[in-house]
Structure formats: C-alpha cells, structure tokens
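Asker: Below is the file input_30.csv, with CSV, C-alpha atoms.
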```csv
chain,number,residue,atom,x,y,z
A,6,MET,CA,-56.4,-34.6,8.1
A,7,ALA,CA,-56.3,-31.2,6.5
A,8,LYS,CA,-56.8,-31.0,2.7
A,9,ARG,CA,-53.7,-30.1,0.7
A,10,THR,CA,-54.7,-27.1,-1.3
A,11,ALA,CA,-52.8,-26.0,-4.4
A,12,VAL,CA,-53.2,-22.8,-6.5
A,13,TYR,CA,-52.6,-22.8,-10.2
A,14,PRO,CA,-52.4,-19.1,-11.2
A,15,GLY,CA,-52.5,-17.6,-14.7
A,16,THR,CA,-54.2,-15.1,-16.9
A,17,PHE,CA,-55.8,-17.9,-19.1
A,18,ASP,CA,-56.3,-15.6,-22.0
A,19,PRO,CA,-57.4,-18.0,-23.4
A,20,ILE,CA,-57.1,-21.3,-21.5
A,21,THR,CA,-55.1,-23.7,-23.8
A,22,ASN,CA,-54.8,-27.4,-24.0
A,23,GLY,CA,-51.5,-27.0,-22.2
A,24,HIS,CA,-53.3,-25.3,-19.3
A,25,VAL,CA,-55.9,-28.1,-19.2
A,26,ASP,CA,-53.2,-30.7,-19.1
A,27,ILE,CA,-51.4,-29.1,-16.2
A,28,ILE,CA,-54.8,-28.7,-14.3
A,29,ARG,CA,-55.6,-32.4,-14.9
A,30,ARG,CA,-52.2,-33.5,-13.6
A,31,ALA,CA,-52.2,-31.0,-10.7
A,32,THR,CA,-55.4,-32.7,-9.3
A,33,ARG,CA,-53.2,-35.7,-8.6
A,34,LEU,CA,-51.0,-33.6,-6.3
A,35,ALA,CA,-53.5,-31.8,-4.2
A,36,ASP,CA,-56.8,-32.6,-2.6
A,37,ARG,CA,-58.2,-29.2,-3.6
A,38,LEU,CA,-57.0,-27.2,-6.6
A,39,VAL,CA,-57.8,-23.5,-6.9
A,40,VAL,CA,-57.3,-22.1,-10.4
A,41,GLY,CA,-56.6,-18.5,-9.9
A,42,VAL,CA,-57.5,-16.3,-12.9
A,43,ALA,CA,-55.5,-13.1,-12.7
A,44,ALA,CA,-57.3,-9.9,-13.5
A,45,ASN,CA,-54.0,-8.6,-15.0
A,46,PRO,CA,-55.3,-5.8,-17.2
A,47,GLY,CA,-51.7,-4.7,-17.9
A,48,LYS,CA,-51.4,-7.7,-20.3
A,49,GLY,CA,-54.2,-6.4,-22.5
A,50,PRO,CA,-56.3,-9.6,-22.4
A,51,ILE,CA,-58.4,-10.4,-25.5
A,52,PHE,CA,-61.1,-11.7,-23.1
A,53,GLY,CA,-62.5,-9.9,-20.1
A,54,LEU,CA,-62.1,-11.3,-16.7
A,55,ASP,CA,-65.7,-12.7,-16.5
A,56,ASP,CA,-65.2,-14.4,-19.9
A,57,ARG,CA,-61.9,-16.0,-18.8
A,58,LEU,CA,-63.5,-17.2,-15.6
A,59,ASP,CA,-66.4,-18.7,-17.6
A,60,LEU,CA,-64.0,-20.4,-20.1
A,61,VAL,CA,-61.9,-21.9,-17.3
A,62,ARG,CA,-64.9,-23.1,-15.3
A,63,THR,CA,-66.3,-24.8,-18.3
A,64,GLU,CA,-63.1,-26.6,-19.1
A,65,VAL,CA,-62.3,-27.7,-15.5
A,66,ALA,CA,-65.9,-29.0,-14.9
A,67,ASP,CA,-65.0,-31.9,-17.2
A,68,ILE,CA,-61.8,-32.6,-15.2
A,69,ALA,CA,-63.6,-32.4,-11.9
A,70,ARG,CA,-66.4,-34.7,-13.1
A,71,GLU,CA,-64.0,-37.3,-14.5
A,72,SER,CA,-61.5,-37.3,-11.7
A,73,GLY,CA,-63.7,-36.5,-8.7
A,74,ALA,CA,-61.2,-33.7,-7.9
A,75,GLU,CA,-62.3,-30.6,-6.0
A,76,ILE,CA,-61.5,-27.7,-8.3
A,77,GLU,CA,-62.4,-24.1,-7.8
A,78,VAL,CA,-61.9,-21.2,-10.2
A,79,VAL,CA,-61.4,-17.8,-8.6
A,80,ALA,CA,-60.4,-14.4,-9.9
A,81,PHE,CA,-57.7,-12.5,-8.1
A,82,SER,CA,-56.0,-9.2,-8.5
A,83,ASN,CA,-53.6,-9.1,-5.5
A,84,LEU,CA,-50.2,-10.5,-4.9
A,85,LEU,CA,-50.1,-14.2,-5.8
A,86,MET,CA,-48.7,-15.3,-2.4
A,87,HIS,CA,-51.3,-13.3,-0.6
A,88,PHE,CA,-54.0,-14.9,-2.7
A,89,ALA,CA,-52.5,-18.4,-2.1
A,90,ALA,CA,-52.5,-17.8,1.6
A,91,GLU,CA,-56.1,-16.6,1.5
A,92,CYS,CA,-57.0,-19.9,-0.2
A,93,GLY,CA,-55.1,-21.9,2.4
A,94,ALA,CA,-52.7,-23.2,-0.2
A,95,VAL,CA,-49.6,-25.2,0.7
A,96,MET,CA,-48.3,-25.1,-2.9
A,97,ILE,CA,-48.3,-23.1,-6.1
A,98,ILE,CA,-48.5,-25.1,-9.3
A,99,ARG,CA,-46.5,-23.8,-12.3
A,100,GLY,CA,-46.1,-25.2,-15.7
A,101,LEU,CA,-42.8,-25.2,-17.5
A,102,ARG,CA,-42.5,-25.4,-21.3
A,103,ALA,CA,-38.8,-24.6,-21.9
A,104,VAL,CA,-35.6,-23.5,-20.2
A,105,THR,CA,-36.6,-19.9,-20.8
A,106,ASP,CA,-39.6,-20.5,-18.6
A,107,PHE,CA,-37.4,-21.9,-15.9
A,108,ASP,CA,-35.2,-18.8,-15.7
A,109,TYR,CA,-38.2,-16.6,-15.0
A,110,GLU,CA,-39.9,-19.0,-12.7
A,111,PHE,CA,-36.7,-19.6,-10.7
A,112,GLN,CA,-36.6,-15.8,-9.9
A,113,MET,CA,-40.2,-15.9,-9.0
A,114,VAL,CA,-39.8,-18.8,-6.6
A,115,GLY,CA,-37.1,-16.9,-4.7
A,116,MET,CA,-39.2,-13.8,-4.4
A,117,ASN,CA,-42.3,-15.8,-3.4
A,118,ALA,CA,-40.4,-17.7,-0.8
A,119,ARG,CA,-39.4,-14.4,0.8
A,120,VAL,CA,-43.0,-13.3,0.9
A,121,ASN,CA,-44.3,-16.6,2.3
A,122,PRO,CA,-41.8,-19.4,3.0
A,123,ASP,CA,-44.7,-21.8,4.0
A,124,ILE,CA,-46.0,-22.1,0.4
A,125,ASP,CA,-43.9,-24.3,-1.9
A,126,THR,CA,-43.8,-24.0,-5.7
A,127,VAL,CA,-44.2,-27.2,-7.7
A,128,PHE,CA,-43.2,-27.3,-11.3
A,129,LEU,CA,-44.9,-29.6,-13.8
A,130,MET,CA,-43.2,-30.0,-17.2
A,131,ALA,CA,-45.5,-29.5,-20.1
A,132,SER,CA,-46.5,-32.7,-21.8
A,133,GLU,CA,-44.5,-33.2,-25.0
A,134,ASN,CA,-47.3,-32.3,-27.3
A,135,HIS,CA,-48.0,-29.0,-25.5
A,136,THR,CA,-44.5,-27.6,-24.9
A,137,PHE,CA,-44.8,-24.9,-27.6
A,138,ILE,CA,-48.3,-23.7,-26.8
A,139,SER,CA,-48.7,-20.3,-25.2
A,140,SER,CA,-51.8,-18.1,-24.9
A,141,ARG,CA,-49.9,-15.2,-26.5
A,142,PHE,CA,-49.1,-17.3,-29.6
A,143,VAL,CA,-52.6,-18.7,-29.8
A,144,LYS,CA,-54.1,-15.1,-29.7
A,145,GLU,CA,-51.6,-13.9,-32.3
A,146,ILE,CA,-52.3,-16.8,-34.7
A,147,ALA,CA,-56.1,-16.4,-34.2
A,148,LEU,CA,-55.9,-12.6,-34.8
A,149,LEU,CA,-54.0,-13.3,-38.1
A,150,ASP,CA,-56.7,-15.8,-39.2
A,151,GLY,CA,-54.6,-18.9,-38.5
A,152,ASP,CA,-55.9,-22.3,-37.4
A,153,VAL,CA,-55.7,-22.7,-33.6
A,154,THR,CA,-57.9,-25.8,-33.3
A,155,SER,CA,-55.1,-28.0,-32.1
A,156,PHE,CA,-54.1,-25.6,-29.3
A,157,VAL,CA,-57.3,-24.9,-27.4
A,158,PRO,CA,-60.3,-27.0,-26.4
A,159,PRO,CA,-63.2,-27.0,-28.9
A,160,ARG,CA,-65.5,-24.8,-26.7
A,161,VAL,CA,-62.6,-22.3,-26.2
A,162,HIS,CA,-61.9,-22.3,-30.0
A,163,LYS,CA,-65.5,-21.4,-30.7
A,164,ARG,CA,-65.5,-18.4,-28.3
A,165,LEU,CA,-62.0,-17.3,-29.4
A,166,ILE,CA,-63.0,-17.2,-33.1
A,167,ALA,CA,-66.1,-15.2,-32.1
A,168,GLN,CA,-64.0,-12.8,-30.1
A,169,VAL,CA,-61.4,-12.4,-32.8
A,170,SER,CA,-64.3,-11.7,-35.3
A,171,ALA,CA,-65.8,-9.1,-33.0
A,172,ILE,CA,-62.4,-7.4,-32.6
A,173,SER,CA,-61.8,-7.5,-36.4
A,174,ARG,CA,-65.3,-5.9,-37.0
A,175,SER,CA,-64.7,-3.2,-34.4
A,176,THR,CA,-61.2,-2.2,-35.8
A,177,SER,CA,-62.4,-2.1,-39.4
A,178,GLU,CA,-65.3,0.3,-38.5
```
Before anything else, please render the file you have as structure tokens.
Answerer:
Amino acid sequence: MAKRTAVYPGTFDPITNGHVDIIRRATRLADRLVVGVAANPGKGPIFGLDDRLDLVRTEVADIARESGAEIEVVAFSNLLMHFAAECGAVMIIRGLRAVTDFDYEFQMVGMNARVNPDIDTVFLMASENHTFISSRFVKEIALLDGDVTSFVPPRVHKRLIAQVSAISRSTSE
C-alpha cells in the first residue's frame, strides 16, 4: 500500500508553538509529512532560508522521535501545488486560527484545486492555546523587546533573541 504523503507549507519565520502543534497533529493523518519551508523573500524574513530549515528540522526531530512519524523538511520556491506533486503528496495541511484565515484559505483551495484536483487540502484548527500566535506578531513583539517565550519553542526563542539582537546592533551602527 502506498504511503499517504502530506505537505505542510509555510515560511516558518520563525516556527512557533502553533506550527509545532499542527505538525504533531498532521503526523496522525499521513504516513509521511513533508514540511515545506517556502523561500518567500518577498515577505522579508528575519531568518534566512538555511536558518529556518535548521530551526524547523530541530523542532520536528523531537516529534519524529516521539511519534515514529516520517517527517522531512524541504525548502521550496516554486508553486505550492507543483511542490506537493513533486513530493507525491495527496494532501496539503493548513492550520486555521480564525475566520479571517478561512476566508484566505478558502480562495487558495479553489485555486489549488484548479492547478491540481488530485491533491486535497485538509484544515486543522489551531489548538485553543495557539489560536492567536502568528510568526508576524512573534517577530514584531521580539523586535520591540517583548517576551515571546510562550509563543515559540525554547531553542527557537534562543535563536530569535540572538537574531533580534544582531539586527538591533546592525541598525544602530
């Protein structure tokens, strides 16, 4: 029997506790989960692509070890549906935090289905304690010297604070 492969795409700048929760839960839906880290330079990421890949790989290693799940972390810069097809995916995993997420995602599902109707999109609602977390807010809070310890895993927190400190030093010079 063929493995059911799912792709969970994102920029992961940085990976948050909400992302980790979705990844953990997605491993129950697929035999193989590919976490696709989008290059997406247009979003002006705080971390470079290699750093984001490293952060995601570090966090999913624990999940893979604990669950026995097959998880790969791969960079991509092409159309999501093309990337998913290259991975042999039968589904895209998307996390939803609020109704506003659904409006955007609903449009994306329609477009993605036109590009490749053989790949379904599966939505996972954010767990109650993660509904408000977004990478954008985490970065903004960290850049303004706020406490983000409850929003990101400890290893990510350490790297995020170091990155914010480096950015602050470079902008003050």
Asker: Set the distance at 12 Å and use all atoms listed in the file: which residues neighbour A:Met96 once local chain neighbours fewer than 3 positions away are removed? I'd like the list as number ranges by chain.
Answerer: A: 8-14, 31, 34-39, 85-86, 88-90, 92-93, 99, 114, 117-118, 121-128
Asker: Please produce a file of the residues just selected, as a tab-separated table (two decimals), in the frame of the given file, where the atoms kept are C-alpha atoms.
Answerer:
```
chain	number	residue	atom	x	y	z
A	8	LYS	CA	-56.80	-31.00	2.70
A	9	ARG	CA	-53.70	-30.10	0.70
A	10	THR	CA	-54.70	-27.10	-1.30
A	11	ALA	CA	-52.80	-26.00	-4.40
A	12	VAL	CA	-53.20	-22.80	-6.50
A	13	TYR	CA	-52.60	-22.80	-10.20
A	14	PRO	CA	-52.40	-19.10	-11.20
A	31	ALA	CA	-52.20	-31.00	-10.70
A	34	LEU	CA	-51.00	-33.60	-6.30
A	35	ALA	CA	-53.50	-31.80	-4.20
A	36	ASP	CA	-56.80	-32.60	-2.60
A	37	ARG	CA	-58.20	-29.20	-3.60
A	38	LEU	CA	-57.00	-27.20	-6.60
A	39	VAL	CA	-57.80	-23.50	-6.90
A	85	LEU	CA	-50.10	-14.20	-5.80
A	86	MET	CA	-48.70	-15.30	-2.40
A	88	PHE	CA	-54.00	-14.90	-2.70
A	89	ALA	CA	-52.50	-18.40	-2.10
A	90	ALA	CA	-52.50	-17.80	1.60
A	92	CYS	CA	-57.00	-19.90	-0.20
A	93	GLY	CA	-55.10	-21.90	2.40
A	99	ARG	CA	-46.50	-23.80	-12.30
A	114	VAL	CA	-39.80	-18.80	-6.60
A	117	ASN	CA	-42.30	-15.80	-3.40
A	118	ALA	CA	-40.40	-17.70	-0.80
A	121	ASN	CA	-44.30	-16.60	2.30
A	122	PRO	CA	-41.80	-19.40	3.00
A	123	ASP	CA	-44.70	-21.80	4.00
A	124	ILE	CA	-46.00	-22.10	0.40
A	125	ASP	CA	-43.90	-24.30	-1.90
A	126	THR	CA	-43.80	-24.00	-5.70
A	127	VAL	CA	-44.20	-27.20	-7.70
A	128	PHE	CA	-43.20	-27.30	-11.30
```
Asker: List as a count of residues only the protein and nucleic acid residues near A:Ile172, meaning an atom at most 12 Å away when only C-alpha atoms are counted, but skip any in the same chain fewer than 3 places from it.
Answerer: 15
Asker: Taking all atoms listed in the file into account, produce a table as JSON lines in which each residue of stretch 8-32 of chain A with an atom at most 9 Å from an atom of stretch 57-80 of chain A appears once, together with its shortest atom pair and the distance in Å to one decimal, ordered by chain and rising number.
Answerer:
```
{"residue": "A:Thr16", "atom": "CA", "partner": "A:Arg57", "partner_atom": "CA", "distance": 8.0}
{"residue": "A:Phe17", "atom": "CA", "partner": "A:Arg57", "partner_atom": "CA", "distance": 6.4}
{"residue": "A:Asp18", "atom": "CA", "partner": "A:Arg57", "partner_atom": "CA", "distance": 6.5}
{"residue": "A:Pro19", "atom": "CA", "partner": "A:Arg57", "partner_atom": "CA", "distance": 6.7}
{"residue": "A:Ile20", "atom": "CA", "partner": "A:Val61", "partner_atom": "CA", "distance": 6.4}
{"residue": "A:Val25", "atom": "CA", "partner": "A:Glu64", "partner_atom": "CA", "distance": 7.4}
{"residue": "A:Ile28", "atom": "CA", "partner": "A:Val65", "partner_atom": "CA", "distance": 7.7}
{"residue": "A:Arg29", "atom": "CA", "partner": "A:Ile68", "partner_atom": "CA", "distance": 6.2}
{"residue": "A:Thr32", "atom": "CA", "partner": "A:Ala74", "partner_atom": "CA", "distance": 6.0}
```
Asker: State, in Å with one decimal place, the distance from atom CA of A:Gly15 to atom CA of A:Val40.
Answerer: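 Result for atom CA of A:Gly15 versus atom CA of A:Val40: 7.9 Å, one decimal.
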Asker: Excluding A:Val153 and residues on its chain fewer than 3 positions from it, collect all residues at most 12 Å away from it, counting only C-alpha atoms, and give them as number ranges by chain.
Answerer: A: 19, 21-22, 138-150, 156-159, 161-166, 169
Asker: In Å, rounded to a single decimal, give me how far atom CA of A:Val42 is from atom CA of A:Arg174.
Answerer: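 These atoms are spaced 27.4 Å apart.
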Asker: Atom CA of A:Ser82 to atom CA of A:His135: how many Å, to one decimal?
Answerer: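 The value is 27.3 Å.
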Asker: Find the spatial neighbours of A:Glu133, counting only C-alpha atoms, within a cut-off of 12 Å - ignore same-chain residues fewer than 4 positions away - and output them as a PyMOL selection string.
Answerer: chain A and resi 22-23+26-27+101-103+129+137-138
Asker: Which of these, A:Ala7, A:Ala131, A:Leu54, A:Ala43, has the shortest distance to A:Val104 once you count all atoms listed in the file?
Answerer: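 Residue with the minimum atom-to-atom distance to A:Val104: A:Ala131.
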Asker: Return stretch 167-178 of chain A, completed with all heavy atoms, as a PDB file, in the frame of the given file.
Answerer:
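As a result, out38.pdb now contains:
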```pdb
ATOM      1  N   ALA A 167     -65.096 -16.256 -32.258  1.00  0.00           N
ATOM      2  CA  ALA A 167     -66.100 -15.200 -32.100  1.00  0.00           C
ATOM      3  C   ALA A 167     -65.535 -13.914 -31.624  1.00  0.00           C
ATOM      4  O   ALA A 167     -65.858 -12.827 -32.125  1.00  0.00           O
ATOM      5  CB  ALA A 167     -67.264 -15.695 -31.246  1.00  0.00           C
ATOM      6  N   GLN A 168     -64.653 -14.010 -30.640  1.00  0.00           N
ATOM      7  CA  GLN A 168     -64.000 -12.800 -30.100  1.00  0.00           C
ATOM      8  C   GLN A 168     -63.123 -12.128 -31.079  1.00  0.00           C
ATOM      9  O   GLN A 168     -63.144 -10.907 -31.208  1.00  0.00           O
ATOM     10  CB  GLN A 168     -63.233 -13.197 -28.799  1.00  0.00           C
ATOM     11  CG  GLN A 168     -62.671 -12.036 -28.040  1.00  0.00           C
ATOM     12  CD  GLN A 168     -63.738 -11.236 -27.305  1.00  0.00           C
ATOM     13  OE1 GLN A 168     -64.920 -11.558 -27.309  1.00  0.00           O
ATOM     14  NE2 GLN A 168     -63.319 -10.169 -26.667  1.00  0.00           N
ATOM     15  N   VAL A 169     -62.343 -12.905 -31.786  1.00  0.00           N
ATOM     16  CA  VAL A 169     -61.400 -12.400 -32.800  1.00  0.00           C
ATOM     17  C   VAL A 169     -62.271 -11.685 -33.911  1.00  0.00           C
ATOM     18  O   VAL A 169     -61.931 -10.599 -34.390  1.00  0.00           O
ATOM     19  CB  VAL A 169     -60.524 -13.454 -33.379  1.00  0.00           C
ATOM     20  CG1 VAL A 169     -59.849 -13.023 -34.660  1.00  0.00           C
ATOM     21  CG2 VAL A 169     -59.491 -13.851 -32.333  1.00  0.00           C
ATOM     22  N   SER A 170     -63.373 -12.307 -34.288  1.00  0.00           N
ATOM     23  CA  SER A 170     -64.300 -11.700 -35.300  1.00  0.00           C
ATOM     24  C   SER A 170     -64.823 -10.406 -34.837  1.00  0.00           C
ATOM     25  O   SER A 170     -64.871  -9.434 -35.605  1.00  0.00           O
ATOM     26  CB  SER A 170     -65.382 -12.734 -35.611  1.00  0.00           C
ATOM     27  OG  SER A 170     -66.256 -12.205 -36.557  1.00  0.00           O
ATOM     28  N   ALA A 171     -65.249 -10.341 -33.580  1.00  0.00           N
ATOM     29  CA  ALA A 171     -65.800  -9.100 -33.000  1.00  0.00           C
ATOM     30  C   ALA A 171     -64.712  -7.999 -32.995  1.00  0.00           C
ATOM     31  O   ALA A 171     -64.988  -6.841 -33.309  1.00  0.00           O
ATOM     32  CB  ALA A 171     -66.332  -9.336 -31.619  1.00  0.00           C
ATOM     33  N   ILE A 172     -63.493  -8.379 -32.645  1.00  0.00           N
ATOM     34  CA  ILE A 172     -62.400  -7.400 -32.600  1.00  0.00           C
ATOM     35  C   ILE A 172     -62.103  -6.912 -34.032  1.00  0.00           C
ATOM     36  O   ILE A 172     -61.921  -5.712 -34.252  1.00  0.00           O
ATOM     37  CB  ILE A 172     -61.129  -8.032 -31.975  1.00  0.00           C
ATOM     38  CG1 ILE A 172     -61.356  -8.254 -30.487  1.00  0.00           C
ATOM     39  CG2 ILE A 172     -59.904  -7.173 -32.230  1.00  0.00           C
ATOM     40  CD1 ILE A 172     -60.302  -9.097 -29.805  1.00  0.00           C
ATOM     41  N   SER A 173     -62.099  -7.828 -34.988  1.00  0.00           N
ATOM     42  CA  SER A 173     -61.800  -7.500 -36.400  1.00  0.00           C
ATOM     43  C   SER A 173     -62.904  -6.489 -36.894  1.00  0.00           C
ATOM     44  O   SER A 173     -62.587  -5.520 -37.591  1.00  0.00           O
ATOM     45  CB  SER A 173     -61.797  -8.697 -37.269  1.00  0.00           C
ATOM     46  OG  SER A 173     -60.702  -9.496 -36.932  1.00  0.00           O
ATOM     47  N   ARG A 174     -64.171  -6.760 -36.559  1.00  0.00           N
ATOM     48  CA  ARG A 174     -65.300  -5.900 -37.000  1.00  0.00           C
ATOM     49  C   ARG A 174     -65.112  -4.492 -36.374  1.00  0.00           C
ATOM     50  O   ARG A 174     -65.308  -3.483 -37.043  1.00  0.00           O
ATOM     51  CB  ARG A 174     -66.621  -6.468 -36.608  1.00  0.00           C
ATOM     52  CG  ARG A 174     -67.092  -7.564 -37.544  1.00  0.00           C
ATOM     53  CD  ARG A 174     -68.559  -7.909 -37.315  1.00  0.00           C
ATOM     54  NE  ARG A 174     -68.900  -8.184 -35.937  1.00  0.00           N
ATOM     55  CZ  ARG A 174     -68.805  -9.380 -35.350  1.00  0.00           C
ATOM     56  NH1 ARG A 174     -68.354 -10.414 -36.026  1.00  0.00           N
ATOM     57  NH2 ARG A 174     -69.163  -9.549 -34.102  1.00  0.00           N
ATOM     58  N   SER A 175     -64.747  -4.457 -35.083  1.00  0.00           N
ATOM     59  CA  SER A 175     -64.700  -3.200 -34.400  1.00  0.00           C
ATOM     60  C   SER A 175     -63.456  -2.338 -34.894  1.00  0.00           C
ATOM     61  O   SER A 175     -63.525  -1.110 -34.921  1.00  0.00           O
ATOM     62  CB  SER A 175     -64.628  -3.329 -32.902  1.00  0.00           C
ATOM     63  OG  SER A 175     -63.400  -3.869 -32.475  1.00  0.00           O
ATOM     64  N   THR A 176     -62.388  -2.993 -35.282  1.00  0.00           N
ATOM     65  CA  THR A 176     -61.200  -2.200 -35.800  1.00  0.00           C
ATOM     66  C   THR A 176     -61.370  -1.816 -37.222  1.00  0.00           C
ATOM     67  O   THR A 176     -60.704  -0.899 -37.663  1.00  0.00           O
ATOM     68  CB  THR A 176     -59.914  -3.055 -35.615  1.00  0.00           C
ATOM     69  OG1 THR A 176     -60.039  -4.294 -36.303  1.00  0.00           O
ATOM     70  CG2 THR A 176     -59.577  -3.292 -34.157  1.00  0.00           C
ATOM     71  N   SER A 177     -62.251  -2.489 -37.969  1.00  0.00           N
ATOM     72  CA  SER A 177     -62.400  -2.100 -39.400  1.00  0.00           C
ATOM     73  C   SER A 177     -63.519  -1.037 -39.537  1.00  0.00           C
ATOM     74  O   SER A 177     -63.704  -0.513 -40.624  1.00  0.00           O
ATOM     75  CB  SER A 177     -62.821  -3.358 -40.207  1.00  0.00           C
ATOM     76  OG  SER A 177     -64.063  -3.879 -39.814  1.00  0.00           O
ATOM     77  N   GLU A 178     -64.208  -0.726 -38.467  1.00  0.00           N
ATOM     78  CA  GLU A 178     -65.300   0.300 -38.500  1.00  0.00           C
ATOM     79  C   GLU A 178     -64.704   1.692 -38.418  1.00  0.00           C
ATOM     80  O   GLU A 178     -63.744   2.040 -37.969  1.00  0.00           O
ATOM     81  CB  GLU A 178     -66.309   0.074 -37.435  1.00  0.00           C
ATOM     82  CG  GLU A 178     -67.070  -1.198 -37.674  1.00  0.00           C
ATOM     83  CD  GLU A 178     -68.038  -1.529 -36.528  1.00  0.00           C
ATOM     84  OE1 GLU A 178     -68.010  -0.848 -35.480  1.00  0.00           O
ATOM     85  OE2 GLU A 178     -68.807  -2.465 -36.690  1.00  0.00           O
TER      86      GLU A 178
END
```
